[in-house]
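Q: Structure: structure_12.cif, mmCIF, C-alpha atoms.
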```cif
data_structure
loop_
_atom_site.group_PDB
_atom_site.id
_atom_site.type_symbol
_atom_site.label_atom_id
_atom_site.label_comp_id
_atom_site.auth_asym_id
_atom_site.auth_seq_id
_atom_site.Cartn_x
_atom_site.Cartn_y
_atom_site.Cartn_z
ATOM 1 C CA MET A 256 -45.760 23.956 25.609
ATOM 2 C CA LYS A 257 -42.235 23.779 26.943
ATOM 3 C CA ILE A 258 -43.057 20.498 28.694
ATOM 4 C CA VAL A 259 -44.268 19.050 25.385
ATOM 5 C CA GLU A 260 -41.137 20.291 23.577
ATOM 6 C CA CYS A 261 -38.861 18.813 26.246
ATOM 7 C CA PHE A 262 -40.730 15.516 26.091
ATOM 8 C CA ALA A 263 -40.396 15.412 22.293
ATOM 9 C CA ALA A 264 -36.681 16.237 22.520
ATOM 10 C CA GLY A 265 -36.266 13.457 25.046
ATOM 11 C CA GLN A 266 -37.921 11.006 22.664
ATOM 12 C CA ARG A 267 -35.590 12.069 19.882
ATOM 13 C CA MET A 268 -32.528 11.631 22.108
ATOM 14 C CA SER A 269 -33.685 8.238 23.337
ATOM 15 C CA ALA A 270 -33.997 7.039 19.749
ATOM 16 C CA PHE A 271 -30.281 7.663 19.204
ATOM 17 C CA GLU A 272 -29.495 5.720 22.355
ATOM 18 C CA ASP A 273 -30.758 2.567 20.657
ATOM 19 C CA PRO A 274 -27.653 0.300 20.251
ATOM 20 C CA GLU A 275 -28.712 -0.826 16.775
ATOM 21 C CA ILE A 276 -29.053 2.756 15.545
ATOM 22 C CA CYS A 277 -25.673 3.675 17.002
ATOM 23 C CA ARG A 278 -24.104 0.634 15.373
ATOM 24 C CA SER A 279 -25.688 1.495 12.026
ATOM 25 C CA LEU A 280 -24.340 5.038 12.243
ATOM 26 C CA LEU A 281 -20.827 3.795 13.017
ATOM 27 C CA GLU A 282 -20.917 1.194 10.257
ATOM 28 C CA SER A 283 -21.831 3.834 7.686
ATOM 29 C CA LEU A 284 -18.803 6.032 8.502
ATOM 30 C CA GLN A 285 -16.463 6.468 5.536
ATOM 31 C CA VAL A 286 -13.443 6.823 7.801
ATOM 32 C CA GLY A 287 -12.048 3.432 8.738
ATOM 33 C CA VAL A 288 -13.328 2.293 12.138
ATOM 34 C CA CYS A 289 -12.345 -1.004 13.739
ATOM 35 C CA VAL A 290 -12.986 -2.306 17.252
ATOM 36 C CA VAL A 291 -10.951 -5.188 18.688
ATOM 37 C CA ASP A 292 -11.274 -7.096 21.950
ATOM 38 C CA LEU A 293 -8.469 -7.873 24.407
ATOM 39 C CA GLN A 294 -7.473 -10.878 22.294
ATOM 40 C CA LYS A 295 -7.027 -8.400 19.414
ATOM 41 C CA LYS A 296 -9.813 -10.004 17.408
ATOM 42 C CA ILE A 297 -11.937 -7.702 15.270
ATOM 43 C CA ILE A 298 -15.521 -7.311 16.492
ATOM 44 C CA PHE A 299 -16.545 -4.251 14.459
ATOM 45 C CA TRP A 300 -15.683 -3.065 10.926
ATOM 46 C CA SER A 301 -17.053 0.074 9.248
ATOM 47 C CA ASP A 302 -17.916 0.773 5.614
ATOM 48 C CA GLY A 303 -14.880 3.052 5.488
ATOM 49 C CA ALA A 304 -12.638 0.218 6.665
ATOM 50 C CA GLU A 305 -14.010 -1.910 3.815
ATOM 51 C CA ARG A 306 -13.309 0.852 1.309
ATOM 52 C CA ILE A 307 -9.776 1.622 2.495
ATOM 53 C CA THR A 308 -8.553 -1.971 2.909
ATOM 54 C CA GLY A 309 -10.670 -3.881 0.389
ATOM 55 C CA ASN A 310 -11.646 -6.370 3.136
ATOM 56 C CA LEU A 311 -15.383 -6.894 3.571
ATOM 57 C CA ARG A 312 -16.987 -6.971 7.007
ATOM 58 C CA HIS A 313 -17.904 -10.659 6.975
ATOM 59 C CA GLU A 314 -14.341 -11.537 5.947
ATOM 60 C CA VAL A 315 -12.607 -9.901 8.905
ATOM 61 C CA VAL A 316 -14.933 -9.940 11.917
ATOM 62 C CA GLY A 317 -13.667 -12.560 14.338
ATOM 63 C CA ARG A 318 -10.140 -12.511 12.923
ATOM 64 C CA PRO A 319 -6.988 -11.109 14.588
ATOM 65 C CA CYS A 320 -6.236 -7.503 13.664
ATOM 66 C CA ALA A 321 -2.594 -8.355 12.883
ATOM 67 C CA GLY A 322 -1.420 -10.098 9.734
ATOM 68 C CA ARG A 323 -3.133 -9.555 6.403
ATOM 69 C CA THR A 324 -6.333 -8.087 7.785
ATOM 70 C CA LEU A 325 -5.089 -4.859 9.387
ATOM 71 C CA SER A 326 -1.296 -4.977 9.426
ATOM 72 C CA GLN A 327 0.114 -1.510 9.921
ATOM 73 C CA CYS A 328 3.634 -0.405 10.629
ATOM 74 C CA ASP A 329 5.987 2.472 9.856
ATOM 75 C CA GLN A 330 8.657 -0.066 8.967
ATOM 76 C CA ASN A 331 8.831 -2.335 5.925
ATOM 77 C CA THR A 332 7.385 -5.321 7.728
ATOM 78 C CA CYS A 333 5.408 -5.913 10.891
ATOM 79 C CA GLU A 334 5.218 -9.574 11.883
ATOM 80 C CA ALA A 335 4.080 -9.146 15.479
ATOM 81 C CA CYS A 336 1.760 -6.837 17.323
ATOM 82 C CA GLY A 337 3.565 -5.567 20.415
ATOM 83 C CA THR A 338 3.710 -2.419 22.469
ATOM 84 C CA GLU A 339 4.932 -0.439 19.458
ATOM 85 C CA CYS A 340 1.639 -0.818 17.600
ATOM 86 C CA PRO A 341 -1.265 1.465 18.567
ATOM 87 C CA VAL A 342 -3.501 -1.454 19.596
ATOM 88 C CA GLY A 343 -0.870 -2.945 21.902
ATOM 89 C CA ALA A 344 -0.128 0.455 23.423
ATOM 90 C CA ALA A 345 -3.805 1.170 24.032
ATOM 91 C CA ILE A 346 -4.359 -2.203 25.724
ATOM 92 C CA GLN A 347 -1.213 -2.302 27.813
ATOM 93 C CA GLY A 348 -0.843 1.403 28.535
ATOM 94 C CA ALA A 349 -4.569 2.159 28.723
ATOM 95 C CA HIS A 350 -4.083 5.431 26.865
ATOM 96 C CA PRO A 351 -4.808 6.682 23.312
ATOM 97 C CA GLY A 352 -2.152 6.272 20.645
ATOM 98 C CA ARG A 353 -1.460 7.609 17.178
ATOM 99 C CA THR A 354 0.863 6.466 14.418
ATOM 100 C CA GLU A 355 1.479 6.775 10.692
ATOM 101 C CA GLY A 356 2.269 3.775 8.550
ATOM 102 C CA TYR A 357 0.842 1.440 5.939
ATOM 103 C CA LEU A 358 -2.059 -0.950 5.623
ATOM 104 C CA HIS A 359 -1.897 -3.819 3.174
ATOM 105 C CA HIS A 360 -4.828 -3.601 0.795
ATOM 106 C CA ARG A 361 -6.514 -6.859 -0.143
ATOM 107 C CA ARG A 362 -5.175 -6.489 -3.683
ATOM 108 C CA GLY A 363 -1.632 -6.521 -2.321
ATOM 109 C CA HIS A 364 -0.505 -2.900 -2.490
ATOM 110 C CA ARG A 365 0.177 -0.614 0.450
ATOM 111 C CA VAL A 366 -2.105 2.177 1.613
ATOM 112 C CA PRO A 367 -0.509 5.010 3.632
ATOM 113 C CA VAL A 368 -2.655 5.743 6.658
ATOM 114 C CA GLN A 369 -2.802 7.661 9.902
ATOM 115 C CA VAL A 370 -4.121 5.502 12.750
ATOM 116 C CA TRP A 371 -5.646 6.479 16.090
ATOM 117 C CA ALA A 372 -6.274 3.904 18.827
ATOM 118 C CA VAL A 373 -8.453 4.622 21.874
ATOM 119 C CA PRO A 374 -9.020 2.160 24.737
ATOM 120 C CA VAL A 375 -12.650 1.116 25.272
ATOM 121 C CA ARG A 376 -13.668 0.870 28.941
ATOM 122 C CA ASP A 377 -16.560 -0.786 30.709
ATOM 123 C CA ALA A 378 -18.728 0.792 33.430
ATOM 124 C CA HIS A 379 -16.011 0.080 36.005
ATOM 125 C CA GLY A 380 -13.261 1.777 34.001
ATOM 126 C CA SER A 381 -11.500 -1.448 32.953
ATOM 127 C CA VAL A 382 -10.146 -1.668 29.403
ATOM 128 C CA ILE A 383 -12.191 -4.209 27.424
ATOM 129 C CA GLY A 384 -10.970 -3.439 23.922
ATOM 130 C CA VAL A 385 -9.629 -0.817 21.524
ATOM 131 C CA LEU A 386 -11.317 1.376 18.939
ATOM 132 C CA GLN A 387 -9.133 2.194 15.950
ATOM 133 C CA SER A 388 -9.837 4.811 13.321
ATOM 134 C CA PHE A 389 -7.707 5.284 10.243
ATOM 135 C CA GLU A 390 -7.661 7.572 7.226
ATOM 136 C CA ASP A 391 -6.274 7.046 3.763
ATOM 137 C CA HIS A 392 -3.346 9.343 2.943
ATOM 138 C CA HIS A 393 -3.575 8.887 -0.813
ATOM 139 C CA GLU A 394 -3.257 11.875 -3.104
ATOM 140 C CA PRO A 395 -6.587 13.522 -4.068
ATOM 141 C CA ALA A 396 -8.548 11.444 -6.558
ATOM 142 C CA ASP A 397 -8.374 14.095 -9.295
ATOM 143 C CA ASP A 398 -4.627 14.648 -8.957
ATOM 144 C CA GLY A 399 -3.939 12.292 -11.852
ATOM 145 C CA GLN A 400 -6.291 14.174 -14.142
ATOM 146 C CA ARG A 401 -4.089 17.245 -14.499
ATOM 147 C CA GLU A 402 -3.215 18.004 -18.108
ATOM 148 C CA ASP A 403 0.531 17.733 -17.428
ATOM 149 C CA SER A 404 0.296 14.295 -15.821
ATOM 150 C CA PRO A 405 0.606 10.987 -17.710
ATOM 151 C CA LYS A 406 -2.878 9.943 -16.560
ATOM 152 C CA GLY A 407 -4.402 13.209 -17.682
ATOM 153 C CA SER A 408 -2.885 12.935 -21.156
ATOM 154 C CA GLY A 409 -3.458 9.217 -21.700
ATOM 155 C CA ARG A 410 0.268 8.392 -21.725
ATOM 156 C CA VAL A 411 0.003 5.494 -19.305
ATOM 157 C CA ASP A 412 0.470 1.778 -19.400
ATOM 158 C CA GLU A 413 -3.106 0.493 -19.525
ATOM 159 C CA ILE A 414 -2.547 -2.429 -17.150
ATOM 160 C CA SER A 415 -0.337 -0.950 -14.433
ATOM 161 C CA GLY A 416 -1.734 2.594 -14.541
ATOM 162 C CA ILE A 417 1.714 4.255 -14.509
ATOM 163 C CA ALA A 418 3.772 5.897 -17.263
ATOM 164 C CA ASN A 419 4.547 3.753 -20.288
ATOM 165 C CA ARG A 420 7.946 3.226 -21.910
ATOM 166 C CA THR A 421 7.557 6.111 -24.348
ATOM 167 C CA ILE A 422 6.963 8.721 -21.656
ATOM 168 C CA MET A 423 9.730 7.254 -19.475
ATOM 169 C CA GLN A 424 12.183 7.563 -22.367
ATOM 170 C CA ALA A 425 11.188 11.230 -22.702
ATOM 171 C CA HIS A 426 11.663 11.790 -18.945
ATOM 172 C CA LEU A 427 15.089 10.136 -19.093
ATOM 173 C CA ARG A 428 16.233 12.286 -22.041
ATOM 174 C CA GLU A 429 15.047 15.462 -20.331
ATOM 175 C CA THR A 430 16.699 14.559 -17.030
ATOM 176 C CA LEU A 431 19.987 13.771 -18.817
ATOM 177 C CA ARG A 432 19.890 17.184 -20.535
ATOM 178 C CA THR A 433 19.375 18.895 -17.188
ATOM 179 C CA PHE A 434 22.262 16.918 -15.722
ATOM 180 C CA ALA A 435 24.568 17.896 -18.628
ATOM 181 C CA GLU A 436 23.681 21.589 -18.378
ATOM 182 C CA LEU A 437 23.347 22.110 -14.614
ATOM 183 C CA GLN A 438 24.993 19.012 -13.086
ATOM 184 C CA VAL A 439 21.858 18.241 -11.061
ATOM 185 C CA PRO A 440 22.451 14.671 -9.827
ATOM 186 C CA PHE A 441 19.985 11.874 -10.468
ATOM 187 C CA GLY A 442 19.902 8.118 -10.693
ATOM 188 C CA VAL A 443 17.799 5.298 -12.065
ATOM 189 C CA LEU A 444 16.513 2.041 -10.630
ATOM 190 C CA HIS A 445 15.845 -0.788 -13.058
ATOM 191 C CA LEU A 446 13.551 -3.515 -11.696
ATOM 192 C CA ARG A 447 12.696 -6.907 -13.136
ATOM 193 C CA LEU A 448 10.135 -9.426 -11.855
ATOM 194 C CA LYS A 449 11.646 -12.906 -11.685
ATOM 195 C CA GLY A 450 9.571 -15.863 -12.844
ATOM 196 C CA PHE A 451 7.089 -13.588 -14.597
ATOM 197 C CA GLU A 452 6.288 -15.924 -17.500
ATOM 198 C CA VAL A 453 5.931 -18.941 -15.194
ATOM 199 C CA PHE A 454 3.534 -16.942 -13.020
ATOM 200 C CA ARG A 455 1.510 -15.984 -16.101
ATOM 201 C CA ALA A 456 1.358 -19.589 -17.315
ATOM 202 C CA ASN A 457 0.286 -20.906 -13.915
ATOM 203 C CA PHE A 458 -2.238 -18.270 -12.878
ATOM 204 C CA GLY A 459 -3.356 -16.453 -15.996
ATOM 205 C CA ALA A 460 -3.571 -12.898 -17.278
ATOM 206 C CA GLU A 461 -5.790 -11.462 -14.541
ATOM 207 C CA ALA A 462 -3.408 -12.616 -11.786
ATOM 208 C CA VAL A 463 -0.536 -11.016 -13.715
ATOM 209 C CA ASN A 464 -2.476 -7.762 -14.008
ATOM 210 C CA CYS A 465 -3.118 -7.728 -10.250
ATOM 211 C CA MET A 466 0.581 -8.313 -9.610
ATOM 212 C CA LEU A 467 1.617 -5.487 -11.956
ATOM 213 C CA ARG A 468 -0.825 -3.048 -10.367
ATOM 214 C CA MET A 469 0.422 -3.976 -6.891
ATOM 215 C CA VAL A 470 4.081 -3.407 -7.855
ATOM 216 C CA SER A 471 3.239 -0.116 -9.591
ATOM 217 C CA HIS A 472 1.308 1.162 -6.594
ATOM 218 C CA THR A 473 4.153 0.314 -4.196
ATOM 219 C CA LEU A 474 6.707 2.045 -6.424
ATOM 220 C CA GLU A 475 4.596 5.221 -6.582
ATOM 221 C CA LEU A 476 4.284 5.276 -2.786
ATOM 222 C CA ALA A 477 8.011 4.768 -2.302
ATOM 223 C CA VAL A 478 9.262 7.850 -4.189
ATOM 224 C CA TRP A 479 8.720 11.591 -4.227
ATOM 225 C CA ARG A 480 6.190 13.198 -6.564
ATOM 226 C CA THR A 481 9.085 14.841 -8.422
ATOM 227 C CA ASP A 482 10.428 11.387 -9.361
ATOM 228 C CA HIS A 483 9.187 9.260 -12.249
ATOM 229 C CA VAL A 484 7.920 5.669 -12.221
ATOM 230 C CA GLY A 485 7.037 3.680 -15.335
ATOM 231 C CA ARG A 486 6.643 0.247 -16.841
ATOM 232 C CA TRP A 487 9.557 -0.453 -19.157
ATOM 233 C CA THR A 488 8.676 -3.888 -20.594
ATOM 234 C CA ASP A 489 6.261 -6.687 -19.679
ATOM 235 C CA ASP A 490 8.218 -7.645 -16.564
ATOM 236 C CA GLN A 491 10.415 -4.571 -16.008
ATOM 237 C CA PHE A 492 9.998 -1.159 -14.394
ATOM 238 C CA LEU A 493 12.085 2.012 -14.411
ATOM 239 C CA VAL A 494 12.337 4.601 -11.629
ATOM 240 C CA ILE A 495 14.065 7.976 -12.193
ATOM 241 C CA LEU A 496 15.125 9.556 -8.902
ATOM 242 C CA ASN A 497 15.878 13.274 -9.141
ATOM 243 C CA GLY A 498 18.599 14.678 -6.871
ATOM 244 C CA CYS A 499 19.593 11.176 -5.800
ATOM 245 C CA SER A 500 22.933 9.425 -6.304
ATOM 246 C CA GLY A 501 25.590 7.377 -4.510
ATOM 247 C CA ASP A 502 24.622 5.956 -1.126
ATOM 248 C CA SER A 503 21.208 7.619 -1.241
ATOM 249 C CA LEU A 504 20.414 5.868 -4.514
ATOM 250 C CA ARG A 505 21.411 2.485 -3.106
ATOM 251 C CA ALA A 506 19.409 3.139 0.070
ATOM 252 C CA VAL A 507 16.252 3.920 -1.899
ATOM 253 C CA GLY A 508 16.753 0.783 -3.980
ATOM 254 C CA ASP A 509 17.166 -1.335 -0.842
ATOM 255 C CA ARG A 510 14.060 0.179 0.741
ATOM 256 C CA ILE A 511 11.957 -0.455 -2.370
ATOM 257 C CA GLY A 512 13.279 -4.004 -2.515
ATOM 258 C CA ARG A 513 12.204 -4.668 1.070
ATOM 259 C CA MET A 514 8.788 -3.155 0.450
ATOM 260 C CA LEU A 515 8.191 -5.297 -2.629
ATOM 261 C CA ALA A 516 9.463 -8.414 -0.859
ATOM 262 C CA ASN A 517 6.835 -7.892 1.833
ATOM 263 C CA ASP A 518 4.021 -7.243 -0.644
ATOM 264 C CA GLY A 519 1.971 -9.769 -2.548
ATOM 265 C CA THR A 520 -1.337 -10.269 -4.274
ATOM 266 C CA GLU A 521 -4.175 -12.475 -3.026
ATOM 267 C CA TRP A 522 -4.906 -15.233 -5.530
ATOM 268 C CA TRP A 523 -6.676 -18.553 -4.975
ATOM 269 C CA GLY A 524 -6.721 -17.977 -1.247
ATOM 270 C CA ASP A 525 -2.986 -17.376 -0.843
ATOM 271 C CA LYS A 526 -0.689 -14.373 -0.850
ATOM 272 C CA ARG A 527 1.565 -14.728 -3.887
ATOM 273 C CA SER A 528 4.552 -12.649 -4.888
ATOM 274 C CA LEU A 529 7.478 -12.668 -7.280
ATOM 275 C CA ALA A 530 11.126 -12.122 -6.503
ATOM 276 C CA VAL A 531 12.383 -8.833 -7.883
ATOM 277 C CA SER A 532 15.847 -7.928 -9.186
ATOM 278 C CA ILE A 533 16.891 -4.307 -8.694
ATOM 279 C CA GLY A 534 19.850 -2.510 -10.201
ATOM 280 C CA HIS A 535 20.876 1.133 -9.824
ATOM 281 C CA ALA A 536 23.016 3.624 -11.712
ATOM 282 C CA ALA A 537 23.890 7.235 -10.928
ATOM 283 C CA ALA A 538 24.316 9.674 -13.820
ATOM 284 C CA ARG A 539 27.869 10.301 -15.083
ATOM 285 C CA PRO A 540 29.189 12.909 -17.539
ATOM 286 C CA GLY A 541 28.630 11.726 -21.110
ATOM 287 C CA ASP A 542 25.938 9.229 -20.116
ATOM 288 C CA THR A 543 23.102 8.196 -22.389
ATOM 289 C CA GLY A 544 19.911 6.519 -21.317
ATOM 290 C CA GLU A 545 21.166 3.175 -22.594
ATOM 291 C CA SER A 546 24.537 3.446 -20.832
ATOM 292 C CA MET A 547 22.789 4.135 -17.529
ATOM 293 C CA LEU A 548 20.398 1.223 -17.987
ATOM 294 C CA GLU A 549 23.265 -1.089 -18.899
ATOM 295 C CA ARG A 550 25.111 -0.232 -15.668
ATOM 296 C CA ALA A 551 21.913 -0.758 -13.694
ATOM 297 C CA ARG A 552 21.402 -4.174 -15.325
ATOM 298 C CA GLN A 553 24.965 -5.207 -14.537
ATOM 299 C CA ASN A 554 24.590 -4.727 -10.766
ATOM 300 C CA MET A 555 21.101 -6.189 -10.361
ATOM 301 C CA GLN A 556 20.476 -8.081 -7.126
ATOM 302 C CA THR A 557 17.478 -10.319 -6.464
ATOM 303 C CA ILE A 558 15.234 -9.876 -3.414
ATOM 304 C CA SER A 559 12.480 -12.368 -2.600
ATOM 305 C CA ASN A 560 9.949 -13.044 0.137
ATOM 306 C CA GLN A 561 10.210 -16.651 1.288
ATOM 307 C CA LYS A 562 7.027 -16.388 3.384
ATOM 308 C CA THR A 563 4.616 -15.997 0.478
ATOM 309 C CA SER A 564 3.262 -18.832 -1.642
ATOM 310 C CA PRO A 565 5.381 -19.911 -4.624
ATOM 311 C CA THR A 566 4.388 -19.211 -8.191
ATOM 312 C CA LYS A 567 3.285 -22.813 -8.654
ATOM 313 C CA PRO A 568 -0.493 -23.249 -8.228
ATOM 314 C CA ALA A 569 -1.914 -25.495 -5.539
ATOM 315 C CA LYS A 570 -2.270 -29.169 -6.409
ATOM 316 C CA GLY A 571 -5.512 -29.786 -8.264
ATOM 317 C CA ALA A 572 -6.124 -26.107 -9.015
ATOM 318 C CA ALA A 573 -6.994 -25.123 -12.559
ATOM 319 C CA SER A 574 -4.857 -22.565 -14.331
ATOM 320 C CA GLY A 575 -6.311 -19.131 -15.041
ATOM 321 C CA THR A 576 -6.927 -17.896 -18.526
#
```
Could you write out this file's structure as C-alpha cells?
A:
Amino acid sequence: MKIVECFAAGQRMSAFEDPEICRSLLESLQVGVCVVDLQKKIIFWSDGAERITGNLRHEVVGRPCAGRTLSQCDQNTCEACGTECPVGAAIQGAHPGRTEGYLHHRRGHRVPVQVWAVPVRDAHGSVIGVLQSFEDHHEPADDGQREDSPKGSGRVDEISGIANRTIMQAHLRETLRTFAELQVPFGVLHLRLKGFEVFRANFGAEAVNCMLRMVSHTLELAVWRTDHVGRWTDDQFLVILNGCSGDSLRAVGDRIGRMLANDGTEWWGDKRSLAVSIGHAAARPGDTGESMLERARQNMQTISNQKTSPTKPAKGAASGT
C-alpha cells in the first residue's frame, strides 16, 4: 500500500514538473512577475504584470524592460538602466535586489510599486537573466468609499475622479478658518494645463479625459492623504497642502512639476503630454481664498517635457471626436 501511495505521489509531483504547467501557474499570478534576459529584453510577463501596468503580454514580450514598458525609479525620471536599477544590479552583481519607486501605467499615470529582482542561473551557476516581481502600493480599493471621502459622497469631478470645485472651495474655507484661529500653516498650488483647447481640438474628448485622469492620479500620488487635490476648471487644478509653506511649498511644487513633465498619455501610438504652469501661495493673515489664488496665479511658471510628442496630431491622422 505504501509503495502504491508513494508511486501516486511521485506521479503528482512529476505533473508539476511539466514546464508548460509551471509556466501557466506563473502566468496566472496576480503579483507582477517579469523575466528578462541578459540583454534586458522581456521574455515572460504575468497576468499580474498586465493588471498593474496596463501592458498586455503580447505587447511587451521581446521588448527592453526600460523605457515605457517597465520603467521604474525612485527619482522623477529614469532614462537609463544602470547599476542603480534592480535589474542592472542583479545582472552585474549577481545578487538579489529590492527597491521602491514608480512604474508608468499604459494610461500615463504613475503606479507606486515595490520591486524585487533575483538573478536566474543556469545549471552551471551562470547568470542568464533576472526575475522581477512587483506589487502595487495603491491604497485599498474601498478606501474611496468611506462616507467622509469625496468619492463616497459623490462630490467628485466625473471625468478626473478627484474632488470638484465646490468641495475644494469648502476645503479652502475650512483650512483658512483653521489658519486664522490656530495659525497652522498651509499653502496652495494652482496648476494649469497649457494648450488644453488645442489638444482637445486635435485629439478629441476621450484623449482629453485620459490626460485629465493621468494628471489627477499623479497629483494624488504626490501629496499626503491629509492634503486636498481637486479639479478647479476645465484645464486647472488646485492642491491644498496642510502644514506646508515657504521653501517646502516651493519644493513640493517643483517636484510635482517634474513628475508631470515626465508623465504622458498614450494616444495614436505616441506618448503625448501638455506643458503645465504651476504657481504657489502660502497663507498670510487676512487672506481669502481668492487672494491666495491670485498670488499663486501671479507667480506661475511653465514646465514642459520636450521628449514627448507635441499636441499636433501626426500627418494624415484623423481628429478624434
Q: Name every residue that the PyMOL selection byres ((chain A and resi 492) around 9) selects in this structure, writing the answer as a PyMOL selection string with chains first and numbers rising.
A: chain A and resi 420+444-448+471+484-491+493-494
Q: Between A:Ala477, A:Val288, A:Met547, A:Val531, single out the one closest to Ser388 in chain A, counting all atoms listed in the file.
A: A:Val288
Q: What does the PyMOL selection byres ((chain A and resi 367-374) around 7) select in this file, as a list in words?
A: Pro341, Val342, Ala345, Ile346, Ala349, His350, Pro351, Gly352, Arg353, Thr354, Glu355, Gly356, Tyr357, Leu358, Arg365, Val366, Val375, Arg376, Val382, Gly384, Val385, Leu386, Gln387, Ser388, Phe389, Glu390, Asp391, His392 and His393 of chain A
Q: Create the file for the chosen residues now, containing C-alpha atoms and written as a compact mmCIF listing (two decimals), keeping the file's coordinate frame.
A:
```txt
# COMPACT_ATOMS: atom_id res chain seq x y z
CA PRO A 341 -1.26 1.46 18.57
CA VAL A 342 -3.50 -1.45 19.60
CA ALA A 345 -3.80 1.17 24.03
CA ILE A 346 -4.36 -2.20 25.72
CA ALA A 349 -4.57 2.16 28.72
CA HIS A 350 -4.08 5.43 26.86
CA PRO A 351 -4.81 6.68 23.31
CA GLY A 352 -2.15 6.27 20.64
CA ARG A 353 -1.46 7.61 17.18
CA THR A 354 0.86 6.47 14.42
CA GLU A 355 1.48 6.78 10.69
CA GLY A 356 2.27 3.78 8.55
CA TYR A 357 0.84 1.44 5.94
CA LEU A 358 -2.06 -0.95 5.62
CA ARG A 365 0.18 -0.61 0.45
CA VAL A 366 -2.10 2.18 1.61
CA VAL A 375 -12.65 1.12 25.27
CA ARG A 376 -13.67 0.87 28.94
CA VAL A 382 -10.15 -1.67 29.40
CA GLY A 384 -10.97 -3.44 23.92
CA VAL A 385 -9.63 -0.82 21.52
CA LEU A 386 -11.32 1.38 18.94
CA GLN A 387 -9.13 2.19 15.95
CA SER A 388 -9.84 4.81 13.32
CA PHE A 389 -7.71 5.28 10.24
CA GLU A 390 -7.66 7.57 7.23
CA ASP A 391 -6.27 7.05 3.76
CA HIS A 392 -3.35 9.34 2.94
CA HIS A 393 -3.58 8.89 -0.81
```
Q: Anything within 7 Å of (-10.2, 3.5, 3.1): list those residues as a PyMOL selection string, counting all atoms listed in the file and sticking to the file's coordinates.
A: chain A and resi 286-287+303-308+390-391
Q: When the PyMOL selection byres ((chain A and resi 295) around 10) is applied to the structure above, which residues does it catch, written out as a VMD selection string?
A: chain A and resid 290 to 294 296 to 298 317 to 321 336 342 to 343 346 384 to 385
Q: Could you state the separation of CA of Gly508 in chain A and CA of Val443 in chain A in Å, given to one decimal place?
A: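 About the pair CA of Gly508 in chain A and CA of Val443 in chain A: they are 9.3 Å apart.
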Q: Let me make sure I understand: among A:Leu431, A:Ala506, A:Ile414, A:Leu437, which one has the smallest atom-to-atom distance to Glu461 in chain A if we use all atoms listed in the file?
A: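 Checking each candidate against Glu461 in chain A, we get A:Ile414 as the closest.
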Q: Quick one: everything within 8 Å of Phe441 in chain A, counting all atoms listed in the file, minus sequence neighbours fewer than 4 positions away in the same chain. Send it as a PyMOL selection string.
A: chain A and resi 430+434+495-500+537-538
Q: Between CA of Gln438 in chain A and CA of His483 in chain A, what is the spacing in Å?
A: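 Separation of CA of His483 in chain A and CA of Gln438 in chain A: 18.6 Å.
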Q: Could you check how far CA of Thr473 in chain A sits from CA of Gly442 in chain A, in Å to one decimal?
A: 18.7 Å
Q: Write out as a short mmCIF file (atom, residue, chain, number, x, y, z; two decimals) with C-alpha atoms, in the frame of the given file which residues come within 12 Å of Met469 in chain A when counting only C-alpha atoms, dropping same-chain ones fewer than 6 positions away.
A:
```cif
data_model
loop_
_atom_site.label_atom_id
_atom_site.label_comp_id
_atom_site.auth_asym_id
_atom_site.auth_seq_id
_atom_site.Cartn_x
_atom_site.Cartn_y
_atom_site.Cartn_z
CA HIS A 359 -1.90 -3.82 3.17
CA HIS A 360 -4.83 -3.60 0.80
CA ARG A 361 -6.51 -6.86 -0.14
CA ARG A 362 -5.18 -6.49 -3.68
CA GLY A 363 -1.63 -6.52 -2.32
CA HIS A 364 -0.50 -2.90 -2.49
CA ARG A 365 0.18 -0.61 0.45
CA VAL A 366 -2.10 2.18 1.61
CA ILE A 414 -2.55 -2.43 -17.15
CA SER A 415 -0.34 -0.95 -14.43
CA GLY A 416 -1.73 2.59 -14.54
CA ILE A 417 1.71 4.26 -14.51
CA ALA A 462 -3.41 -12.62 -11.79
CA VAL A 463 -0.54 -11.02 -13.72
CA GLU A 475 4.60 5.22 -6.58
CA LEU A 476 4.28 5.28 -2.79
CA MET A 514 8.79 -3.16 0.45
CA LEU A 515 8.19 -5.30 -2.63
CA ALA A 516 9.46 -8.41 -0.86
CA ASN A 517 6.84 -7.89 1.83
CA ASP A 518 4.02 -7.24 -0.64
CA GLY A 519 1.97 -9.77 -2.55
CA THR A 520 -1.34 -10.27 -4.27
CA GLU A 521 -4.18 -12.48 -3.03
CA ARG A 527 1.56 -14.73 -3.89
CA SER A 528 4.55 -12.65 -4.89
CA LEU A 529 7.48 -12.67 -7.28
#
```
Q: Can you list, as a list of chain:residue names, every protein, DNA or RNA residue that comes within 6 Å of Met555 in chain A when you count all atoms listed in the file, leaving out same-chain residues fewer than 4 positions away?
A: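 Using all atoms listed in the file, the neighbours found are A:Ser532, A:Ile533, A:Gly534.
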Q: Can I get range 353-359 of chain A with N, CA and C atoms filled in, as a JSON list (two decimals), in the frame of the given file?
A:
```json
[["chain", "number", "residue", "atom", "x", "y", "z"],
["A", 353, "ARG", "N", -1.37, 7.16, 18.56],
["A", 353, "ARG", "CA", -1.46, 7.61, 17.18],
["A", 353, "ARG", "C", -0.18, 7.22, 16.45],
["A", 354, "THR", "N", -0.32, 6.80, 15.20],
["A", 354, "THR", "CA", 0.86, 6.47, 14.42],
["A", 354, "THR", "C", 0.56, 6.66, 12.94],
["A", 355, "GLU", "N", 1.60, 6.73, 12.14],
["A", 355, "GLU", "CA", 1.48, 6.78, 10.69],
["A", 355, "GLU", "C", 2.21, 5.57, 10.13],
["A", 356, "GLY", "N", 1.64, 4.95, 9.14],
["A", 356, "GLY", "CA", 2.27, 3.78, 8.55],
["A", 356, "GLY", "C", 1.52, 3.32, 7.32],
["A", 357, "TYR", "N", 1.48, 2.00, 7.12],
["A", 357, "TYR", "CA", 0.84, 1.44, 5.94],
["A", 357, "TYR", "C", -0.13, 0.34, 6.34],
["A", 358, "LEU", "N", -1.21, 0.23, 5.58],
["A", 358, "LEU", "CA", -2.06, -0.95, 5.62],
["A", 358, "LEU", "C", -1.85, -1.71, 4.32],
["A", 359, "HIS", "N", -1.96, -3.02, 4.39],
["A", 359, "HIS", "CA", -1.90, -3.82, 3.17],
["A", 359, "HIS", "C", -3.30, -4.00, 2.63]]
```
